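**Q** What follows is work-v2.cif, mmCIF, C-alpha atoms (C1' of nucleotides).
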data_target
#
loop_
_atom_site.label_atom_id
_atom_site.label_comp_id
_atom_site.auth_asym_id
_atom_site.auth_seq_id
_atom_site.Cartn_x
_atom_site.Cartn_y
_atom_site.Cartn_z
CA MET A 92 -286.66 -0.54 118.25
CA ALA A 93 -288.22 2.82 118.89
CA GLN A 94 -285.05 3.92 120.60
CA ALA A 95 -282.70 3.16 117.77
CA ASP A 96 -285.10 4.85 115.43
CA THR A 97 -285.14 8.09 117.39
CA LYS A 98 -281.40 7.97 117.77
CA THR A 99 -281.06 7.61 114.02
CA GLN A 100 -283.46 10.47 113.41
CA ILE A 101 -281.46 12.66 115.76
CA LEU A 102 -278.26 11.89 113.91
CA ASP A 103 -279.95 12.46 110.56
CA THR A 104 -281.25 15.84 111.65
CA ALA A 105 -278.00 16.86 113.26
CA GLU A 106 -276.05 15.88 110.18
CA ALA A 107 -278.31 17.91 107.92
CA LEU A 108 -277.95 20.89 110.26
CA LEU A 109 -274.18 20.53 110.33
CA GLN A 110 -274.00 20.61 106.56
CA ASP A 111 -276.46 23.48 106.36
CA ARG A 112 -275.28 25.79 109.16
CA GLY A 113 -272.14 24.40 110.75
CA PHE A 114 -271.69 22.70 114.11
CA ASN A 115 -271.79 25.75 116.36
CA ALA A 116 -274.87 27.21 114.69
CA PHE A 117 -277.36 24.52 115.62
CA SER A 118 -278.76 23.67 119.04
CA TYR A 119 -280.55 20.79 120.69
CA ASN A 120 -283.80 22.64 120.07
CA HIS A 121 -283.07 22.83 116.36
CA ILE A 122 -282.93 19.04 116.38
CA ALA A 123 -285.85 18.48 118.75
CA GLN A 124 -288.38 20.67 117.01
CA PRO A 125 -288.66 18.86 113.65
CA LEU A 126 -288.71 15.51 115.47
CA GLY A 127 -291.60 16.70 117.64
CA VAL A 128 -289.79 16.09 120.92
CA LYS A 129 -288.23 18.30 123.61
CA ASN A 130 -284.54 18.97 123.96
CA ALA A 131 -284.33 16.78 127.07
CA ALA A 132 -285.13 13.80 124.86
CA ILE A 133 -282.05 14.53 122.79
CA HIS A 134 -279.95 14.68 125.94
CA TYR A 135 -281.20 11.24 126.87
CA HIS A 136 -279.65 9.77 123.71
CA PHE A 137 -276.62 12.07 123.60
CA PRO A 138 -275.86 13.53 127.04
CA THR A 139 -273.56 16.26 125.71
CA LYS A 140 -273.21 17.94 122.37
CA THR A 141 -269.71 16.52 122.19
CA ASP A 142 -271.20 13.02 122.40
CA LEU A 143 -273.52 13.91 119.56
CA GLY A 144 -270.72 15.36 117.48
CA VAL A 145 -268.50 12.33 117.96
CA ALA A 146 -271.32 9.92 117.11
CA LEU A 147 -272.12 11.99 114.05
CA ILE A 148 -268.61 11.79 112.66
CA GLU A 149 -268.26 8.14 113.61
CA ARG A 150 -271.37 7.38 111.60
CA CYS A 151 -269.93 9.26 108.63
CA ARG A 152 -266.87 7.09 108.90
CA ALA A 153 -268.83 3.86 109.18
CA ARG A 154 -271.01 4.84 106.25
CA PHE A 155 -268.01 5.65 104.09
CA GLN A 156 -266.42 2.36 105.07
CA GLN A 157 -269.59 0.52 104.10
CA TYR A 158 -269.73 2.40 100.82
CA THR A 159 -266.16 1.57 99.88
CA ASP A 160 -266.42 -2.00 101.12
CA LEU A 161 -269.26 -2.51 98.68
CA LEU A 162 -267.21 -1.08 95.83
CA GLU A 163 -264.25 -3.27 96.71
CA ALA A 164 -266.43 -6.36 97.03
CA GLY A 165 -267.96 -5.66 93.63
CA GLU A 166 -264.44 -5.29 92.24
CA ALA A 167 -265.37 -1.94 90.83
CA SER A 168 -262.95 -0.46 88.34
CA PRO A 169 -260.78 2.43 89.53
CA VAL A 170 -262.74 4.74 87.28
CA LEU A 171 -266.00 3.67 88.86
CA LYS A 172 -264.49 4.15 92.29
CA PHE A 173 -263.48 7.67 91.41
CA GLU A 174 -266.93 8.40 90.05
CA ALA A 175 -268.41 6.97 93.23
CA TYR A 176 -266.25 9.34 95.23
CA LEU A 177 -267.57 12.25 93.19
CA THR A 178 -271.10 11.11 93.89
CA LEU A 179 -270.81 12.01 97.56
CA PRO A 180 -270.39 15.79 97.18
CA TRP A 181 -272.67 15.76 94.19
CA ARG A 182 -275.47 14.44 96.40
CA TYR A 183 -274.72 17.05 99.06
CA LEU A 184 -275.13 19.81 96.53
CA ARG A 185 -278.28 18.36 95.09
CA ASP A 186 -279.76 17.89 98.55
CA GLY A 187 -280.23 21.59 99.23
CA GLY A 188 -276.80 23.10 98.84
CA LYS A 189 -275.18 21.23 101.69
CA VAL A 190 -271.44 21.42 102.16
CA CYS A 191 -269.04 18.62 103.02
CA PRO A 192 -269.30 17.76 106.74
CA LEU A 193 -265.53 17.55 106.86
CA GLY A 194 -265.13 21.04 105.47
CA ALA A 195 -267.60 22.51 107.93
CA LEU A 196 -265.83 20.81 110.83
CA GLU A 197 -262.42 21.92 109.64
CA VAL A 198 -263.51 25.56 109.51
CA GLU A 199 -264.73 25.26 113.11
CA PHE A 200 -261.90 22.94 114.09
CA ASN A 201 -260.38 25.32 116.65
CA THR A 202 -263.69 25.50 118.52
CA LEU A 203 -264.20 21.74 118.75
CA PRO A 204 -263.50 19.58 121.81
CA GLU A 205 -260.53 17.28 121.55
CA GLU A 206 -262.64 14.14 121.12
CA MET A 207 -264.30 15.59 118.05
CA ARG A 208 -261.01 16.79 116.60
CA LEU A 209 -259.62 13.31 116.64
CA GLU A 210 -262.65 12.02 114.79
CA VAL A 211 -262.38 14.75 112.20
CA ILE A 212 -258.76 13.88 111.59
CA ALA A 213 -259.64 10.21 111.26
CA LEU A 214 -262.44 10.90 108.78
CA ASP A 215 -260.21 13.02 106.59
CA GLN A 216 -257.49 10.41 106.68
CA GLN A 217 -259.88 7.58 105.87
CA MET A 218 -261.45 9.28 102.87
CA ARG A 219 -258.28 10.55 101.24
CA ALA A 220 -256.42 7.31 101.81
CA TRP A 221 -259.08 5.31 100.01
CA LEU A 222 -259.22 7.80 97.15
CA ALA A 223 -255.45 7.69 96.79
CA ILE A 224 -255.46 3.90 96.46
CA ALA A 225 -258.17 4.05 93.82
CA LEU A 226 -256.21 6.67 91.90
CA GLU A 227 -253.04 4.60 92.03
CA GLU A 228 -254.90 1.53 90.79
CA GLY A 229 -256.30 3.58 87.95
CA ARG A 230 -252.88 4.77 86.95
CA GLU A 231 -251.41 1.27 87.06
CA GLN A 232 -254.17 0.08 84.77
CA GLU A 233 -253.58 3.11 82.55
CA LEU A 234 -257.15 4.27 83.02
CA LEU A 235 -256.19 7.43 84.89
CA HIS A 236 -253.29 9.73 84.16
CA PHE A 237 -251.62 12.19 86.49
CA GLU A 238 -248.25 13.40 87.72
CA GLY A 239 -246.92 13.02 91.24
CA SER A 240 -248.00 10.64 93.94
CA ALA A 241 -251.58 9.43 94.26
CA GLU A 242 -251.72 10.80 97.79
CA GLU A 243 -250.90 14.24 96.50
CA ARG A 244 -253.48 13.94 93.77
CA ALA A 245 -256.07 12.90 96.33
CA ILE A 246 -255.38 16.04 98.34
CA LEU A 247 -255.92 18.22 95.30
CA ILE A 248 -259.16 16.48 94.41
CA ALA A 249 -260.51 16.48 97.96
CA ALA A 250 -259.62 20.14 98.43
CA ALA A 251 -261.19 21.18 95.14
CA LEU A 252 -264.43 19.31 95.78
CA GLN A 253 -264.72 20.64 99.30
CA GLY A 254 -264.05 24.19 98.20
CA ALA A 255 -266.33 23.91 95.20
CA LEU A 256 -269.29 22.88 97.36
CA GLN A 257 -268.78 25.99 99.44
CA ILE A 258 -268.30 28.33 96.49
CA ALA A 259 -271.43 26.88 94.88
CA ARG A 260 -273.44 28.54 97.65
CA VAL A 261 -272.51 31.99 96.41
CA ALA A 262 -271.69 31.31 92.76
CA GLY A 263 -274.34 28.73 91.88
CA ASN A 264 -274.24 24.98 91.34
CA SER A 265 -272.51 25.34 88.01
CA ALA A 266 -269.35 26.27 89.89
CA PHE A 267 -269.27 22.80 91.38
CA ASN A 268 -270.02 21.08 88.10
CA THR A 269 -267.27 23.04 86.40
CA CYS A 270 -264.83 21.94 89.04
CA VAL A 271 -265.75 18.29 88.64
CA ARG A 272 -265.45 18.45 84.89
CA HIS A 273 -261.94 19.87 85.08
CA LEU A 274 -260.82 17.37 87.69
CA LYS A 275 -261.97 14.57 85.42
CA GLN A 276 -260.34 16.06 82.37
CA GLU A 277 -257.05 16.32 84.19
CA LEU A 278 -257.21 12.62 84.95
CA GLY A 279 -257.78 11.92 81.28
CA LEU A 280 -261.43 11.00 81.74
CA ALA A 281 -264.17 11.94 79.27
CA ASN A 282 -267.33 13.55 80.59
CA MET B 34 -257.33 59.52 115.54
CA ALA B 35 -257.83 57.32 118.55
CA GLN B 36 -261.24 56.36 117.22
CA ALA B 37 -260.07 55.18 113.84
CA ASP B 38 -257.32 53.27 115.56
CA THR B 39 -259.67 51.39 117.85
CA LYS B 40 -262.03 50.72 114.97
CA THR B 41 -259.16 49.24 113.01
CA GLN B 42 -258.06 47.15 115.95
CA ILE B 43 -261.58 45.82 116.33
CA LEU B 44 -261.70 44.83 112.68
CA ASP B 45 -258.25 43.25 112.90
CA THR B 46 -259.24 41.18 115.91
CA ALA B 47 -262.59 40.20 114.45
CA GLU B 48 -260.97 39.15 111.20
CA ALA B 49 -258.46 36.97 112.98
CA LEU B 50 -261.26 35.38 115.01
CA LEU B 51 -263.32 34.78 111.87
CA GLN B 52 -260.44 32.95 110.23
CA ASP B 53 -259.65 31.03 113.38
CA ARG B 54 -263.10 30.02 114.62
CA GLY B 55 -265.76 31.14 112.15
CA PHE B 56 -268.23 34.00 112.42
CA ASN B 57 -270.74 32.42 114.80
CA ALA B 58 -268.09 31.22 117.22
CA PHE B 59 -266.74 34.56 118.36
CA SER B 60 -268.46 37.18 120.48
CA TYR B 61 -268.06 40.85 121.31
CA ASN B 62 -266.24 39.81 124.44
CA HIS B 63 -263.75 37.79 122.42
CA ILE B 64 -262.89 41.00 120.62
CA ALA B 65 -263.00 43.29 123.63
CA GLN B 66 -260.75 41.27 125.92
CA PRO B 67 -257.48 41.37 123.94
CA LEU B 68 -258.06 45.07 123.23
CA GLY B 69 -258.45 45.79 126.93
CA VAL B 70 -261.92 47.31 126.59
CA LYS B 71 -265.47 46.24 127.45
CA ASN B 72 -267.97 44.87 124.97
CA ALA B 73 -270.00 48.10 125.12
CA ALA B 74 -267.07 49.87 123.48
CA ILE B 75 -267.31 47.52 120.52
CA HIS B 76 -271.01 48.25 120.24
CA TYR B 77 -270.19 51.96 120.05
CA HIS B 78 -268.18 51.39 116.87
CA PHE B 79 -270.34 48.61 115.45
CA PRO B 80 -273.87 48.74 116.90
CA THR B 81 -274.78 45.23 115.77
CA LYS B 82 -272.74 42.18 114.88
CA THR B 83 -274.17 42.43 111.39
CA ASP B 84 -272.63 45.88 111.08
CA LEU B 85 -269.32 44.45 112.16
CA GLY B 86 -269.60 41.56 109.72
CA VAL B 87 -270.44 43.80 106.80
CA ALA B 88 -267.59 46.19 107.61
CA LEU B 89 -265.24 43.24 107.90
CA ILE B 90 -266.02 41.90 104.46
CA GLU B 91 -266.05 45.36 102.93
CA ARG B 92 -262.56 45.86 104.23
CA CYS B 93 -261.45 42.56 102.72
CA ARG B 94 -262.82 43.76 99.42
CA ALA B 95 -261.14 47.15 99.63
CA ARG B 96 -257.84 45.56 100.59
CA PHE B 97 -258.00 43.11 97.72
CA GLN B 98 -258.82 45.97 95.36
CA GLN B 99 -255.85 47.91 96.62
CA TYR B 100 -253.62 44.86 96.25
CA THR B 101 -254.65 44.23 92.65
CA ASP B 102 -254.58 47.93 91.75
CA LEU B 103 -250.96 47.97 92.78
CA LEU B 104 -250.18 44.95 90.65
CA GLU B 105 -251.97 46.45 87.67
CA ALA B 106 -250.23 49.81 88.12
CA GLY B 107 -246.88 48.06 88.25
CA GLU B 108 -247.78 46.23 85.05
CA ALA B 109 -247.03 42.95 86.76
CA SER B 110 -246.76 39.94 84.50
CA PRO B 111 -249.63 37.43 84.55
CA VAL B 112 -247.36 34.95 86.25
CA LEU B 113 -246.51 37.42 88.99
CA LYS B 114 -250.22 38.17 89.40
CA PHE B 115 -250.97 34.50 89.83
CA GLU B 116 -248.16 34.14 92.35
CA ALA B 117 -249.50 37.19 94.18
CA TYR B 118 -252.89 35.50 94.36
CA LEU B 119 -251.29 32.43 95.89
CA THR B 120 -249.59 34.61 98.44
CA LEU B 121 -252.89 35.42 100.14
CA PRO B 122 -253.78 31.91 101.35
CA TRP B 123 -250.14 31.16 101.91
CA ARG B 124 -250.01 34.01 104.45
CA TYR B 125 -253.18 32.77 106.12
CA LEU B 126 -251.65 29.37 106.65
CA ARG B 127 -248.40 30.78 107.88
CA ASP B 128 -250.20 33.12 110.27
CA GLY B 129 -251.42 30.38 112.58
CA GLY B 130 -253.42 28.04 110.39
CA LYS B 131 -256.10 30.52 109.44
CA VAL B 132 -258.58 29.62 106.76
CA CYS B 133 -259.87 31.78 103.95
CA PRO B 134 -262.46 34.28 105.30
CA LEU B 135 -264.59 33.56 102.27
CA GLY B 136 -264.61 29.84 102.95
CA ALA B 137 -265.57 30.33 106.57
CA LEU B 138 -268.41 32.65 105.60
CA GLU B 139 -269.63 30.28 102.91
CA VAL B 140 -269.85 27.40 105.37
CA GLU B 141 -271.95 29.57 107.68
CA PHE B 142 -273.71 31.29 104.78
CA ASN B 143 -277.19 30.04 105.69
CA THR B 144 -276.88 31.56 109.17
CA LEU B 145 -275.83 35.01 107.96
CA PRO B 146 -278.09 38.06 107.70
CA GLU B 147 -278.96 39.16 104.19
CA GLU B 148 -276.64 42.19 104.27
CA MET B 149 -273.66 39.99 104.98
CA ARG B 150 -274.62 37.45 102.33
CA LEU B 151 -274.56 40.12 99.66
CA GLU B 152 -271.08 41.14 100.73
CA VAL B 153 -269.86 37.55 100.68
CA ILE B 154 -271.16 37.11 97.16
CA ALA B 155 -269.49 40.33 96.07
CA LEU B 156 -266.13 39.33 97.59
CA ASP B 157 -266.19 35.94 95.89
CA GLN B 158 -267.09 37.54 92.58
CA GLN B 159 -264.41 40.19 92.87
CA MET B 160 -261.60 37.78 93.66
CA ARG B 161 -262.38 35.15 91.06
CA ALA B 162 -263.04 37.73 88.34
CA TRP B 163 -259.63 39.29 88.80
CA LEU B 164 -257.91 35.91 88.88
CA ALA B 165 -259.69 34.89 85.69
CA ILE B 166 -258.45 37.96 83.85
CA ALA B 167 -254.90 37.34 84.99
CA LEU B 168 -255.13 33.72 83.82
CA GLU B 169 -256.47 34.75 80.44
CA GLU B 170 -253.67 37.29 80.01
CA GLY B 171 -251.17 34.61 80.88
CA ARG B 172 -252.58 32.28 78.28
CA GLU B 173 -252.56 34.96 75.58
CA GLN B 174 -248.91 35.62 76.30
CA GLU B 175 -248.28 31.88 76.31
CA LEU B 176 -246.96 32.00 79.85
CA LEU B 177 -249.79 29.92 81.29
CA HIS B 178 -251.38 26.86 79.73
CA PHE B 179 -254.80 25.39 80.47
CA GLU B 180 -257.93 24.07 78.83
CA GLY B 181 -261.37 25.64 79.05
CA SER B 182 -262.31 29.18 79.95
CA ALA B 183 -260.27 31.26 82.35
CA GLU B 184 -263.35 31.72 84.55
CA GLU B 185 -263.64 27.96 84.93
CA ARG B 186 -259.97 27.65 85.73
CA ALA B 187 -260.32 30.38 88.33
CA ILE B 188 -263.08 28.41 90.03
CA LEU B 189 -260.93 25.31 90.21
CA ILE B 190 -257.99 27.21 91.62
CA ALA B 191 -260.06 29.16 94.15
CA ALA B 192 -261.86 26.02 95.30
CA ALA B 193 -258.65 24.03 95.65
CA LEU B 194 -256.87 26.75 97.64
CA GLN B 195 -259.85 27.28 99.91
CA GLY B 196 -260.25 23.58 100.54
CA ALA B 197 -256.53 23.04 100.99
CA LEU B 198 -256.33 25.65 103.75
CA GLN B 199 -259.05 23.80 105.60
CA ILE B 200 -257.57 20.36 105.08
CA ALA B 201 -254.20 21.65 106.23
CA ARG B 202 -255.70 21.99 109.70
CA VAL B 203 -256.10 18.25 110.01
CA ALA B 204 -253.49 16.97 107.56
CA GLY B 205 -250.70 19.46 108.15
CA ASN B 206 -249.36 22.39 106.16
CA SER B 207 -247.77 20.13 103.59
CA ALA B 208 -251.25 19.39 102.26
CA PHE B 209 -251.60 23.02 101.26
CA ASN B 210 -248.15 23.20 99.71
CA THR B 211 -248.81 20.04 97.73
CA CYS B 212 -251.99 21.56 96.37
CA VAL B 213 -250.26 24.74 95.31
CA ARG B 214 -247.47 22.83 93.61
CA HIS B 215 -249.92 20.82 91.54
CA LEU B 216 -251.97 23.85 90.59
CA LYS B 217 -248.82 25.52 89.31
CA GLN B 218 -247.69 22.45 87.44
CA GLU B 219 -251.01 22.21 85.70
CA LEU B 220 -250.60 25.77 84.46
CA GLY B 221 -247.18 24.84 83.11
CA LEU B 222 -245.28 26.77 85.75
CA ALA B 223 -242.05 25.59 87.33
CA ASN B 224 -241.74 25.62 91.10
"C1'" DG C 172 -288.05 7.23 126.55
"C1'" DT C 173 -290.04 11.48 126.99
"C1'" DC C 174 -291.81 15.05 129.68
"C1'" DT C 175 -291.80 19.64 132.73
"C1'" DA C 176 -289.15 22.63 135.17
"C1'" DT C 177 -285.19 24.81 136.12
"C1'" DA C 178 -280.38 25.93 136.72
"C1'" DA C 179 -276.14 28.25 135.11
"C1'" DC C 180 -274.10 30.57 131.69
"C1'" DG C 181 -272.86 33.35 127.49
"C1'" DT C 182 -274.70 36.19 124.09
"C1'" DG C 183 -276.15 40.58 121.54
"C1'" DA C 184 -277.75 44.72 122.78
"C1'" DT C 185 -279.22 49.20 125.37
"C1'" DA C 186 -279.32 53.12 128.95
"C1'" DG C 187 -277.10 56.38 131.18
"C1'" DA C 188 -272.90 58.09 133.89
"C1'" DC C 189 -268.31 59.83 133.19
"C1'" DG D 95 -265.16 56.93 123.52
"C1'" DT D 96 -265.45 54.05 127.17
"C1'" DC D 97 -267.45 52.67 131.31
"C1'" DT D 98 -270.97 50.08 134.66
"C1'" DA D 99 -275.12 47.95 134.98
"C1'" DT D 100 -278.67 45.57 133.19
"C1'" DC D 101 -281.97 43.16 130.15
"C1'" DA D 102 -283.96 39.55 127.28
"C1'" DC D 103 -282.85 35.60 125.16
"C1'" DG D 104 -280.94 31.15 123.69
"C1'" DT D 105 -277.87 27.72 125.03
"C1'" DT D 106 -276.15 23.25 127.23
"C1'" DA D 107 -277.29 20.52 130.78
"C1'" DT D 108 -279.63 18.28 134.97
"C1'" DA D 109 -283.41 16.57 138.31
"C1'" DG D 110 -287.24 14.25 138.91
"C1'" DA D 111 -292.16 13.01 137.49
"C1'" DC D 112 -294.68 10.05 134.33
#
Please, can you express the file's structure as structure tokens?

**A**
Amino acid sequence: MAQADTKTQILDTAEALLQDRGFNAFSYNHIAQPLGVKNAAIHYHFPTKTDLGVALIERCRARFQQYTDLLEAGEASPVLKFEAYLTLPWRYLRDGGKVCPLGALEVEFNTLPEEMRLEVIALDQQMRAWLAIALEEGREQELLHFEGSAEERAILIAAALQGALQIARVAGNSAFNTCVRHLKQELGLAN
Amino acid sequence: MAQADTKTQILDTAEALLQDRGFNAFSYNHIAQPLGVKNAAIHYHFPTKTDLGVALIERCRARFQQYTDLLEAGEASPVLKFEAYLTLPWRYLRDGGKVCPLGALEVEFNTLPEEMRLEVIALDQQMRAWLAIALEEGREQELLHFEGSAEERAILIAAALQGALQIARVAGNSAFNTCVRHLKQELGLAN
DNA sequence: GTCTATAACGTGATAGAC
DNA sequence: GTCTATCACGTTATAGAC
């Protein structure tokens, strides 16, 4: 499966570039060079950059689905689910100051082709919806405490994490950690 | 002062484009066209795009300084100062779903020339520092209530607002309003 | 599946006329 | 201060050989 392997490597590289520079700021050559191939090889797997972008976001969605499926199957506690959600941006930051793919795509949203926009919307919806359910479960079990609807709380948390990753680039990683600590405190969680 | 006028118009257009599409996704022609001039005219005022970018951020800083100076001179209450801070992103959203210039620049941070990076860092610092002081004043006067340092609280608020503006693009403006409402509630403010 | 070669275009930028 | 004309370059994308 040499083909699948290259395809995966392309997506890996493109995803890293997206989180490092944004979608408009990387080219087929940026992907080809580290893989030791020419840009035409990338076009073979993803004819247009739109195809690549859509596949990229779809993979993010599938991966998130897999991640949450595992947590649901393991009957993870709502607190663990929330912590697992925090793990995602935490890894981005640790892995070289990357930002949330969703945030990068939202900033460039008005430059994206329609097909990509729909995927971005779906990814956002998917992630916040799952978080909201976990939060609601936590509140029902009196493990988490907050006012208002769980959906609203999920927006606040998602927005803060996304913004904190970006601010961390200019204010240092501690800015992100501070944000996480406060979000947890507000849910009544210890650190 | 036809020159100053054109220069201002260029900066206005560039700023709107930055907030709409990001820094890398607009060109000199994107600026020139609506102003009814050719791209060479833009180069006369701002020889390189880096010059334009630096001037753009510097103007954001000067404008914010002016805004806060006015509030300080008027001896605005801490609550009014906080509300004034919220007004900035609220206007962005209202003015066609723009995002925070700072957020856009942070996402593209790794693609920016050094001179622009320094300006981005300075703008972030300036805005959060002022917000932190206002928050601390509010707590001393028992008008605002929160745990932890004011600097930490300022990070959370800035991150949430920045992220909420971006999420609003895919989840609708209500996402931003929800975020603001919760931030206010957590400070003990009515709506 | 990857290559070379190339097309078609947009970009930032400069020179020199007006 | 703005124009026309132009350059050098990087970009997405395609054709056809291997």

**Q** Kindly provide, as a ChimeraX atom specification, the polymer residues lying within 8 Å of (-258.8, 33.9, 103.5), counting all atoms listed in the file and using the coordinates exactly as they appear in the file.

**A** /B:52,121-122,125,131-136,195

**Q** Output as a PyMOL selection string the set of chain D residues within 9 Å of chain A, with distances taken over only C-alpha atoms (C1' of nucleotides).

**A** chain D and resi 105-107

**Q** Using all atoms listed in the file and a distance of at most 8 Å, pull out the residues of chain A that contact chain B, as a VMD selection string.

**A** chain A and resid 111 to 113 115 to 116 190 194 to 195 197 to 202 211 to 212 215 to 216 243 246 to 255 257 to 258 260 to 262 266 269 to 270 273

**Q** Pull C-alpha atoms from the residues just selected and write them as a short mmCIF file (atom, residue, chain, number, x, y, z; two decimals), keeping the file's coordinate frame.

**A**
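part_33.cif, freshly written:
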data_model
loop_
_atom_site.label_atom_id
_atom_site.label_comp_id
_atom_site.auth_asym_id
_atom_site.auth_seq_id
_atom_site.Cartn_x
_atom_site.Cartn_y
_atom_site.Cartn_z
CA ASP A 111 -276.46 23.48 106.36
CA ARG A 112 -275.28 25.79 109.16
CA GLY A 113 -272.14 24.40 110.75
CA ASN A 115 -271.79 25.75 116.36
CA ALA A 116 -274.87 27.21 114.69
CA VAL A 190 -271.44 21.42 102.16
CA GLY A 194 -265.13 21.04 105.47
CA ALA A 195 -267.60 22.51 107.93
CA GLU A 197 -262.42 21.92 109.64
CA VAL A 198 -263.51 25.56 109.51
CA GLU A 199 -264.73 25.26 113.11
CA PHE A 200 -261.90 22.94 114.09
CA ASN A 201 -260.38 25.32 116.65
CA THR A 202 -263.69 25.50 118.52
CA VAL A 211 -262.38 14.75 112.20
CA ILE A 212 -258.76 13.88 111.59
CA ASP A 215 -260.21 13.02 106.59
CA GLN A 216 -257.49 10.41 106.68
CA GLU A 243 -250.90 14.24 96.50
CA ILE A 246 -255.38 16.04 98.34
CA LEU A 247 -255.92 18.22 95.30
CA ILE A 248 -259.16 16.48 94.41
CA ALA A 249 -260.51 16.48 97.96
CA ALA A 250 -259.62 20.14 98.43
CA ALA A 251 -261.19 21.18 95.14
CA LEU A 252 -264.43 19.31 95.78
CA GLN A 253 -264.72 20.64 99.30
CA GLY A 254 -264.05 24.19 98.20
CA ALA A 255 -266.33 23.91 95.20
CA GLN A 257 -268.78 25.99 99.44
CA ILE A 258 -268.30 28.33 96.49
CA ARG A 260 -273.44 28.54 97.65
CA VAL A 261 -272.51 31.99 96.41
CA ALA A 262 -271.69 31.31 92.76
CA ALA A 266 -269.35 26.27 89.89
CA THR A 269 -267.27 23.04 86.40
CA CYS A 270 -264.83 21.94 89.04
CA HIS A 273 -261.94 19.87 85.08
#

**Q** Show me a table, sorted first by chain and then by increasing residue number, of the residues of chain C having an atom at most 8 Å from chain B, each with its shortest atom pair and the distance in Å to one decimal, counting all atoms listed in the file and written as JSON lines.

**A**
{"residue": "C:DT182", "atom": "C1'", "partner": "B:Ser60", "partner_atom": "CA", "distance": 7.3}
{"residue": "C:DG183", "atom": "C1'", "partner": "B:Thr81", "partner_atom": "CA", "distance": 7.5}
{"residue": "C:DA184", "atom": "C1'", "partner": "B:Thr81", "partner_atom": "CA", "distance": 7.6}

**Q** Could you tell me which residues the PyMOL selection byres ((chain A and resi 228) around 12) grabs in this file, written as number ranges by chain?

**A** A: 166-173, 221-227, 229-237, 240-241

**Q** Which residues would end up in the selection if the PyMOL selection byres ((chain D and resi 97) around 12) were applied here, given that I need the answer as a list in words?

**A** Val70, Lys71, Asn72, Ala73, Ala74, Ile75 and Tyr77 of chain B; DG187, DA188 and DC189 of chain C; DG95, DT96, DT98 and DA99 of chain D

**Q** Enter the distance from atom CA of Leu220 of chain B to atom CA of Gln98 of chain B, in Å, rounded to one decimal.

**A**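 Going from atom CA of Leu220 of chain B over to atom CA of Gln98 of chain B, I get 24.4 Å.
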
**Q** Quick one: pull the distance between atom C1' of DG104 of chain D and atom CA of Thr104 of chain A, Å, one decimal.

**A** 19.5 Å

**Q** Kindly complete segment 166-177 of chain B to N, CA and C atoms; the output should be written as a PDB file, in the coordinates of the input.

**A**
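The resulting result03.pdb:
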ATOM      1  N   ILE B 166    -259.065  37.057  84.826  1.00  0.00           N
ATOM      2  CA  ILE B 166    -258.450  37.960  83.850  1.00  0.00           C
ATOM      3  C   ILE B 166    -256.945  37.737  83.780  1.00  0.00           C
ATOM      4  N   ALA B 167    -256.342  37.584  84.945  1.00  0.00           N
ATOM      5  CA  ALA B 167    -254.900  37.340  84.990  1.00  0.00           C
ATOM      6  C   ALA B 167    -254.556  36.039  84.266  1.00  0.00           C
ATOM      7  N   LEU B 168    -255.369  35.007  84.479  1.00  0.00           N
ATOM      8  CA  LEU B 168    -255.130  33.720  83.820  1.00  0.00           C
ATOM      9  C   LEU B 168    -255.249  33.862  82.309  1.00  0.00           C
ATOM     10  N   GLU B 169    -256.253  34.585  81.880  1.00  0.00           N
ATOM     11  CA  GLU B 169    -256.470  34.750  80.440  1.00  0.00           C
ATOM     12  C   GLU B 169    -255.303  35.512  79.802  1.00  0.00           C
ATOM     13  N   GLU B 170    -254.850  36.552  80.475  1.00  0.00           N
ATOM     14  CA  GLU B 170    -253.670  37.290  80.010  1.00  0.00           C
ATOM     15  C   GLU B 170    -252.470  36.362  79.872  1.00  0.00           C
ATOM     16  N   GLY B 171    -252.295  35.539  80.872  1.00  0.00           N
ATOM     17  CA  GLY B 171    -251.170  34.610  80.880  1.00  0.00           C
ATOM     18  C   GLY B 171    -251.241  33.632  79.718  1.00  0.00           C
ATOM     19  N   ARG B 172    -252.439  33.212  79.397  1.00  0.00           N
ATOM     20  CA  ARG B 172    -252.580  32.280  78.280  1.00  0.00           C
ATOM     21  C   ARG B 172    -252.313  32.976  76.952  1.00  0.00           C
ATOM     22  N   GLU B 173    -252.788  34.205  76.826  1.00  0.00           N
ATOM     23  CA  GLU B 173    -252.560  34.960  75.580  1.00  0.00           C
ATOM     24  C   GLU B 173    -251.075  35.181  75.337  1.00  0.00           C
ATOM     25  N   GLN B 174    -250.360  35.400  76.422  1.00  0.00           N
ATOM     26  CA  GLN B 174    -248.910  35.620  76.300  1.00  0.00           C
ATOM     27  C   GLN B 174    -248.131  34.306  76.326  1.00  0.00           C
ATOM     28  N   GLU B 175    -248.872  33.217  76.331  1.00  0.00           N
ATOM     29  CA  GLU B 175    -248.280  31.880  76.310  1.00  0.00           C
ATOM     30  C   GLU B 175    -247.352  31.619  77.489  1.00  0.00           C
ATOM     31  N   LEU B 176    -247.723  32.235  78.618  1.00  0.00           N
ATOM     32  CA  LEU B 176    -246.960  32.000  79.850  1.00  0.00           C
ATOM     33  C   LEU B 176    -247.674  30.954  80.714  1.00  0.00           C
ATOM     34  N   LEU B 177    -248.981  30.896  80.565  1.00  0.00           N
ATOM     35  CA  LEU B 177    -249.790  29.920  81.290  1.00  0.00           C
ATOM     36  C   LEU B 177    -250.537  29.054  80.287  1.00  0.00           C
TER      37      LEU B 177
END
